[in-house]
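Novice: Pasting a structure below so you can have a look.
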Amino acid sequence: MAGIDIRSSAFDDHSFIARHYAYEGENVSPPLAWSGVPDDATELVLLCEDPDAPSGTFAHWIVVGIDPHSDGVAAGQIPPGGTELVNGYGERGWGGPHPPPGDEAHHYYFRLYALSEPCVLPDAPDAGQVHETVERREVADGTLVALYRR
């Protein structure tokens, strides 16, 4: 399977993300850039998840219908053509990192999937539902990991 290169000017892979992007900060989604999306992709799906959450994997951002010809998104914006779904906080759009105080750093996986056909998800899917739905249509993916602790 092809790989998508996903990166951010706000943090390096497996490094700490600033409080500005966290839930208790300004709660602004970070800027992302990507390349290497296959020409036959019909849609991109973005998922940011925290598998270290005490109650199980927590969805921080789910965006479907992203234009496969796009190359990124500015901080605080919705990816081109995308529709934000309801995150684990019960809010539509980005919900920044908010691990329990004193926990070791949590890992925030920004996963971008290129799909062969559009996917249909409920309005408030959990991370498992996103994975299950995209796996059947995935032609490429890429992952960028941020760390955060309080």
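Please note that chains go A, B, ... in the order of the structure tokens, that every chain numbers its residues from 1, and that ligands are numbered from 1 in the order shown.
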I'd like the neighbourhood of range 31-48 of chain A as a PyMOL selection string, where a residue qualifies if any of its atoms comes within 7 Å (using only C-alpha atoms), though same-chain residues fewer than 5 positions away should be ignored.

Specialist: chain A and resi 3-10+59-68+71-75+108-118

Novice: For Gly128 in chain A, please output as a list in words all residues within 12 Å (counting only C-alpha atoms; exclusion window: fewer than 6 positions along the same chain).

Specialist: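 The residues satisfying every condition are Leu47, Glu49, Asp50, Pro51, Gly56, Thr57, Phe58, Ala59, Ile62, Gly88, Leu121, Val134 and Glu135 of chain A.
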
Novice: Could those residues be written to a file, using all heavy atoms, as a compact mmCIF listing (two decimals), in the first residue's frame?

Specialist:
# COMPACT_ATOMS: atom_id res chain seq x y z
N LEU A 47 -8.31 11.36 10.82
CA LEU A 47 -8.68 10.95 12.17
C LEU A 47 -7.53 11.30 13.09
O LEU A 47 -6.39 10.94 12.82
CB LEU A 47 -8.94 9.44 12.21
CG LEU A 47 -9.08 8.80 13.59
CD1 LEU A 47 -10.31 9.31 14.32
CD2 LEU A 47 -9.11 7.28 13.48
N GLU A 49 -6.59 10.52 16.99
CA GLU A 49 -7.04 9.68 18.09
C GLU A 49 -5.96 9.53 19.15
O GLU A 49 -4.77 9.64 18.86
CB GLU A 49 -7.47 8.31 17.57
CG GLU A 49 -6.34 7.54 16.91
CD GLU A 49 -6.78 6.24 16.29
OE1 GLU A 49 -7.79 5.67 16.71
OE2 GLU A 49 -6.08 5.78 15.36
N ASP A 50 -6.41 9.30 20.39
CA ASP A 50 -5.52 9.07 21.53
C ASP A 50 -5.78 7.66 22.06
O ASP A 50 -6.75 7.44 22.78
CB ASP A 50 -5.79 10.12 22.62
CG ASP A 50 -5.05 9.84 23.92
OD1 ASP A 50 -4.18 8.94 23.96
OD2 ASP A 50 -5.35 10.52 24.91
N PRO A 51 -4.90 6.70 21.74
CA PRO A 51 -5.11 5.34 22.24
C PRO A 51 -4.74 5.18 23.71
O PRO A 51 -5.02 4.15 24.30
CB PRO A 51 -4.19 4.50 21.34
CG PRO A 51 -3.11 5.44 20.93
CD PRO A 51 -3.77 6.79 20.83
N GLY A 56 -10.33 4.13 26.83
CA GLY A 56 -10.17 3.53 25.51
C GLY A 56 -9.85 4.60 24.49
O GLY A 56 -9.84 5.80 24.80
N THR A 57 -9.58 4.20 23.28
CA THR A 57 -9.16 5.15 22.24
C THR A 57 -10.19 6.26 22.07
O THR A 57 -11.38 6.01 21.88
CB THR A 57 -8.94 4.42 20.90
OG1 THR A 57 -7.94 3.40 21.10
CG2 THR A 57 -8.45 5.37 19.84
N PHE A 58 -9.71 7.50 22.15
CA PHE A 58 -10.54 8.69 22.14
C PHE A 58 -10.35 9.42 20.81
O PHE A 58 -9.22 9.70 20.41
CB PHE A 58 -10.15 9.60 23.30
CG PHE A 58 -11.06 10.76 23.53
CD1 PHE A 58 -12.13 10.66 24.41
CD2 PHE A 58 -10.85 11.98 22.88
CE1 PHE A 58 -12.97 11.75 24.65
CE2 PHE A 58 -11.68 13.06 23.10
CZ PHE A 58 -12.74 12.95 23.99
N ALA A 59 -11.44 9.73 20.12
CA ALA A 59 -11.40 10.45 18.84
C ALA A 59 -11.40 11.96 19.10
O ALA A 59 -12.36 12.49 19.66
CB ALA A 59 -12.58 10.06 17.97
N ILE A 62 -12.39 14.05 13.55
CA ILE A 62 -12.78 13.16 12.45
C ILE A 62 -13.30 14.05 11.32
O ILE A 62 -14.26 14.79 11.51
CB ILE A 62 -13.88 12.17 12.86
CG1 ILE A 62 -13.47 11.39 14.12
CG2 ILE A 62 -14.21 11.23 11.71
CD1 ILE A 62 -14.63 10.72 14.82
N GLY A 88 -14.99 12.81 20.40
CA GLY A 88 -15.24 12.14 21.68
C GLY A 88 -15.75 13.05 22.78
O GLY A 88 -16.32 12.57 23.77
N LEU A 121 -20.14 7.37 7.45
CA LEU A 121 -20.00 7.14 8.89
C LEU A 121 -21.16 7.79 9.63
O LEU A 121 -21.75 8.76 9.13
CB LEU A 121 -18.69 7.77 9.39
CG LEU A 121 -17.41 7.05 9.02
CD1 LEU A 121 -16.20 7.97 9.22
CD2 LEU A 121 -17.25 5.79 9.86
N VAL A 134 -12.88 2.71 6.97
CA VAL A 134 -11.86 3.10 5.99
C VAL A 134 -11.02 1.92 5.53
O VAL A 134 -10.55 1.92 4.39
CB VAL A 134 -10.95 4.25 6.49
CG1 VAL A 134 -11.77 5.48 6.82
CG2 VAL A 134 -10.08 3.84 7.65
N GLU A 135 -10.84 0.92 6.36
CA GLU A 135 -9.99 -0.22 5.98
C GLU A 135 -10.48 -0.90 4.70
O GLU A 135 -9.67 -1.41 3.92
CB GLU A 135 -9.91 -1.24 7.12
CG GLU A 135 -8.98 -0.80 8.22
CD GLU A 135 -9.01 -1.72 9.44
OE1 GLU A 135 -9.73 -2.74 9.41
OE2 GLU A 135 -8.31 -1.39 10.41

Novice: Considering only alpha helix (DSSP H) as DSSP defines it on the backbone, what residues of range 6-141 of chain A qualify? List them as a list in words.

Specialist: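 The alpha helix (DSSP H) subset of range 6-141 of chain A is Ala127, Gly128, Gln129, Val130, His131, Glu132, Thr133, Val134 and Glu135 of chain A.
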
Novice: Using C-alpha atoms, can you write the selected residues to a file as a compact mmCIF listing (two decimals), in the first residue's frame?

Specialist:
# COMPACT_ATOMS: atom_id res chain seq x y z
CA ALA A 127 -12.32 5.60 16.43
CA GLY A 128 -13.04 1.89 15.92
CA GLN A 129 -15.91 2.64 13.56
CA VAL A 130 -13.68 4.95 11.53
CA HIS A 131 -10.97 2.29 11.24
CA GLU A 132 -13.45 -0.41 10.27
CA THR A 133 -15.04 1.77 7.59
CA VAL A 134 -11.86 3.10 5.99
CA GLU A 135 -9.99 -0.22 5.98

Novice: Apply DSSP to the backbone of this structure and, from range 21-131 of chain A, keep only the residues in strand (DSSP E or B); write these as a ChimeraX atom specification.

Specialist: /A:32-35,43-50,58-66,72-73,83-84,86,92,106-115

Novice: Could you please take those selected residues and save N, CA, C and O atoms as a compact mmCIF listing (two decimals), in the first residue's frame?

Specialist:
# COMPACT_ATOMS: atom_id res chain seq x y z
N LEU A 32 -1.60 21.15 9.15
CA LEU A 32 -1.11 19.88 8.61
C LEU A 32 -0.85 20.05 7.12
O LEU A 32 -1.55 20.81 6.44
N ALA A 33 0.14 19.33 6.63
CA ALA A 33 0.43 19.30 5.20
C ALA A 33 0.64 17.85 4.81
O ALA A 33 1.10 17.05 5.62
N TRP A 34 0.26 17.51 3.57
CA TRP A 34 0.44 16.14 3.12
C TRP A 34 0.78 16.09 1.65
O TRP A 34 0.52 17.02 0.89
N SER A 35 1.39 14.97 1.27
CA SER A 35 1.75 14.71 -0.12
C SER A 35 1.76 13.19 -0.32
O SER A 35 1.75 12.43 0.65
N GLU A 43 -11.41 10.34 -2.07
CA GLU A 43 -11.71 11.08 -0.84
C GLU A 43 -10.58 10.83 0.16
O GLU A 43 -9.97 9.77 0.16
N LEU A 44 -10.35 11.82 1.02
CA LEU A 44 -9.44 11.66 2.15
C LEU A 44 -10.26 11.72 3.43
O LEU A 44 -11.25 12.44 3.52
N VAL A 45 -9.82 10.95 4.43
CA VAL A 45 -10.42 10.97 5.75
C VAL A 45 -9.30 11.22 6.75
O VAL A 45 -8.25 10.58 6.69
N LEU A 46 -9.53 12.16 7.67
CA LEU A 46 -8.56 12.49 8.71
C LEU A 46 -9.13 12.08 10.06
O LEU A 46 -10.27 12.40 10.38
N LEU A 47 -8.31 11.36 10.82
CA LEU A 47 -8.68 10.95 12.17
C LEU A 47 -7.53 11.30 13.09
O LEU A 47 -6.39 10.94 12.82
N CYS A 48 -7.83 12.00 14.19
CA CYS A 48 -6.85 12.19 15.27
C CYS A 48 -7.40 11.44 16.47
O CYS A 48 -8.52 11.69 16.90
N GLU A 49 -6.59 10.52 16.99
CA GLU A 49 -7.04 9.68 18.09
C GLU A 49 -5.96 9.53 19.15
O GLU A 49 -4.77 9.64 18.86
N ASP A 50 -6.41 9.30 20.39
CA ASP A 50 -5.52 9.07 21.53
C ASP A 50 -5.78 7.66 22.06
O ASP A 50 -6.75 7.44 22.78
N PHE A 58 -9.71 7.50 22.15
CA PHE A 58 -10.54 8.69 22.14
C PHE A 58 -10.35 9.42 20.81
O PHE A 58 -9.22 9.70 20.41
N ALA A 59 -11.44 9.73 20.12
CA ALA A 59 -11.40 10.45 18.84
C ALA A 59 -11.40 11.96 19.10
O ALA A 59 -12.36 12.49 19.66
N HIS A 60 -10.35 12.64 18.68
CA HIS A 60 -10.22 14.09 18.86
C HIS A 60 -10.66 14.88 17.63
O HIS A 60 -11.04 16.04 17.76
N TRP A 61 -10.57 14.27 16.46
CA TRP A 61 -10.94 14.98 15.23
C TRP A 61 -11.24 13.95 14.16
O TRP A 61 -10.42 13.05 13.91
N ILE A 62 -12.39 14.05 13.55
CA ILE A 62 -12.78 13.16 12.45
C ILE A 62 -13.30 14.05 11.32
O ILE A 62 -14.26 14.79 11.51
N VAL A 63 -12.63 13.98 10.18
CA VAL A 63 -13.04 14.78 9.02
C VAL A 63 -13.15 13.85 7.82
O VAL A 63 -12.19 13.15 7.48
N VAL A 64 -14.31 13.82 7.18
CA VAL A 64 -14.54 13.00 6.00
C VAL A 64 -14.73 13.89 4.78
O VAL A 64 -14.97 15.10 4.92
N GLY A 65 -14.64 13.29 3.59
CA GLY A 65 -14.92 14.02 2.36
C GLY A 65 -13.88 15.04 1.96
O GLY A 65 -14.16 15.94 1.17
N ILE A 66 -12.66 14.92 2.47
CA ILE A 66 -11.60 15.87 2.14
C ILE A 66 -11.19 15.69 0.67
O ILE A 66 -11.05 14.57 0.18
N GLY A 72 -3.17 20.05 2.31
CA GLY A 72 -3.04 20.39 3.72
C GLY A 72 -4.16 21.28 4.20
O GLY A 72 -5.12 21.57 3.49
N VAL A 73 -3.99 21.70 5.46
CA VAL A 73 -4.98 22.55 6.11
C VAL A 73 -4.26 23.48 7.08
O VAL A 73 -3.33 23.08 7.77
N THR A 83 -15.91 17.52 5.89
CA THR A 83 -17.02 17.66 6.83
C THR A 83 -16.56 17.11 8.17
O THR A 83 -16.16 15.94 8.25
N GLU A 84 -16.60 17.95 9.19
CA GLU A 84 -16.18 17.52 10.52
C GLU A 84 -17.32 16.78 11.21
O GLU A 84 -18.47 17.23 11.19
N VAL A 86 -18.66 14.59 14.85
CA VAL A 86 -18.66 14.81 16.29
C VAL A 86 -17.54 13.99 16.92
O VAL A 86 -17.42 12.78 16.66
N ARG A 92 -18.64 18.98 17.55
CA ARG A 92 -18.27 18.87 16.14
C ARG A 92 -16.93 19.58 15.92
O ARG A 92 -16.72 20.69 16.36
N HIS A 106 0.58 11.38 26.54
CA HIS A 106 -0.29 10.62 25.66
C HIS A 106 0.16 10.83 24.22
O HIS A 106 0.76 11.85 23.88
N HIS A 107 -0.17 9.86 23.36
CA HIS A 107 0.18 9.90 21.94
C HIS A 107 -1.09 10.26 21.15
O HIS A 107 -2.13 9.64 21.34
N TYR A 108 -0.95 11.24 20.28
CA TYR A 108 -2.07 11.69 19.45
C TYR A 108 -1.71 11.37 18.00
O TYR A 108 -0.83 11.99 17.42
N TYR A 109 -2.40 10.38 17.45
CA TYR A 109 -2.13 9.89 16.10
C TYR A 109 -3.01 10.65 15.11
O TYR A 109 -4.24 10.52 15.16
N PHE A 110 -2.37 11.41 14.24
CA PHE A 110 -3.06 12.07 13.13
C PHE A 110 -2.92 11.11 11.95
O PHE A 110 -1.83 10.91 11.42
N ARG A 111 -4.05 10.49 11.56
CA ARG A 111 -4.03 9.50 10.48
C ARG A 111 -4.81 10.06 9.29
O ARG A 111 -5.96 10.47 9.45
N LEU A 112 -4.17 10.06 8.14
CA LEU A 112 -4.83 10.51 6.92
C LEU A 112 -4.96 9.31 5.99
O LEU A 112 -3.97 8.63 5.70
N TYR A 113 -6.19 9.04 5.57
CA TYR A 113 -6.48 7.90 4.72
C TYR A 113 -6.94 8.38 3.35
O TYR A 113 -7.80 9.25 3.27
N ALA A 114 -6.39 7.79 2.30
CA ALA A 114 -6.88 8.00 0.94
C ALA A 114 -7.78 6.81 0.61
O ALA A 114 -7.37 5.66 0.79
N LEU A 115 -8.99 7.10 0.15
CA LEU A 115 -9.97 6.04 -0.09
C LEU A 115 -10.30 5.91 -1.57
O LEU A 115 -10.28 6.89 -2.31

Novice: I'd like the interatomic distance between CA of Glu24 in chain A and CA of Thr143 in chain A, to a tenth of an Å.

Specialist: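 If I compute the distance from CA of Glu24 in chain A to CA of Thr143 in chain A, I get 24.4 Å.
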
Novice: For Glu26 in chain A, find every residue with an atom within 10 Å (counting only C-alpha atoms), except residues of its own chain fewer than 5 positions away, and show them as a list in words.

Specialist: Arg19, His20, Tyr21, Gly76 and Gly96 of chain A
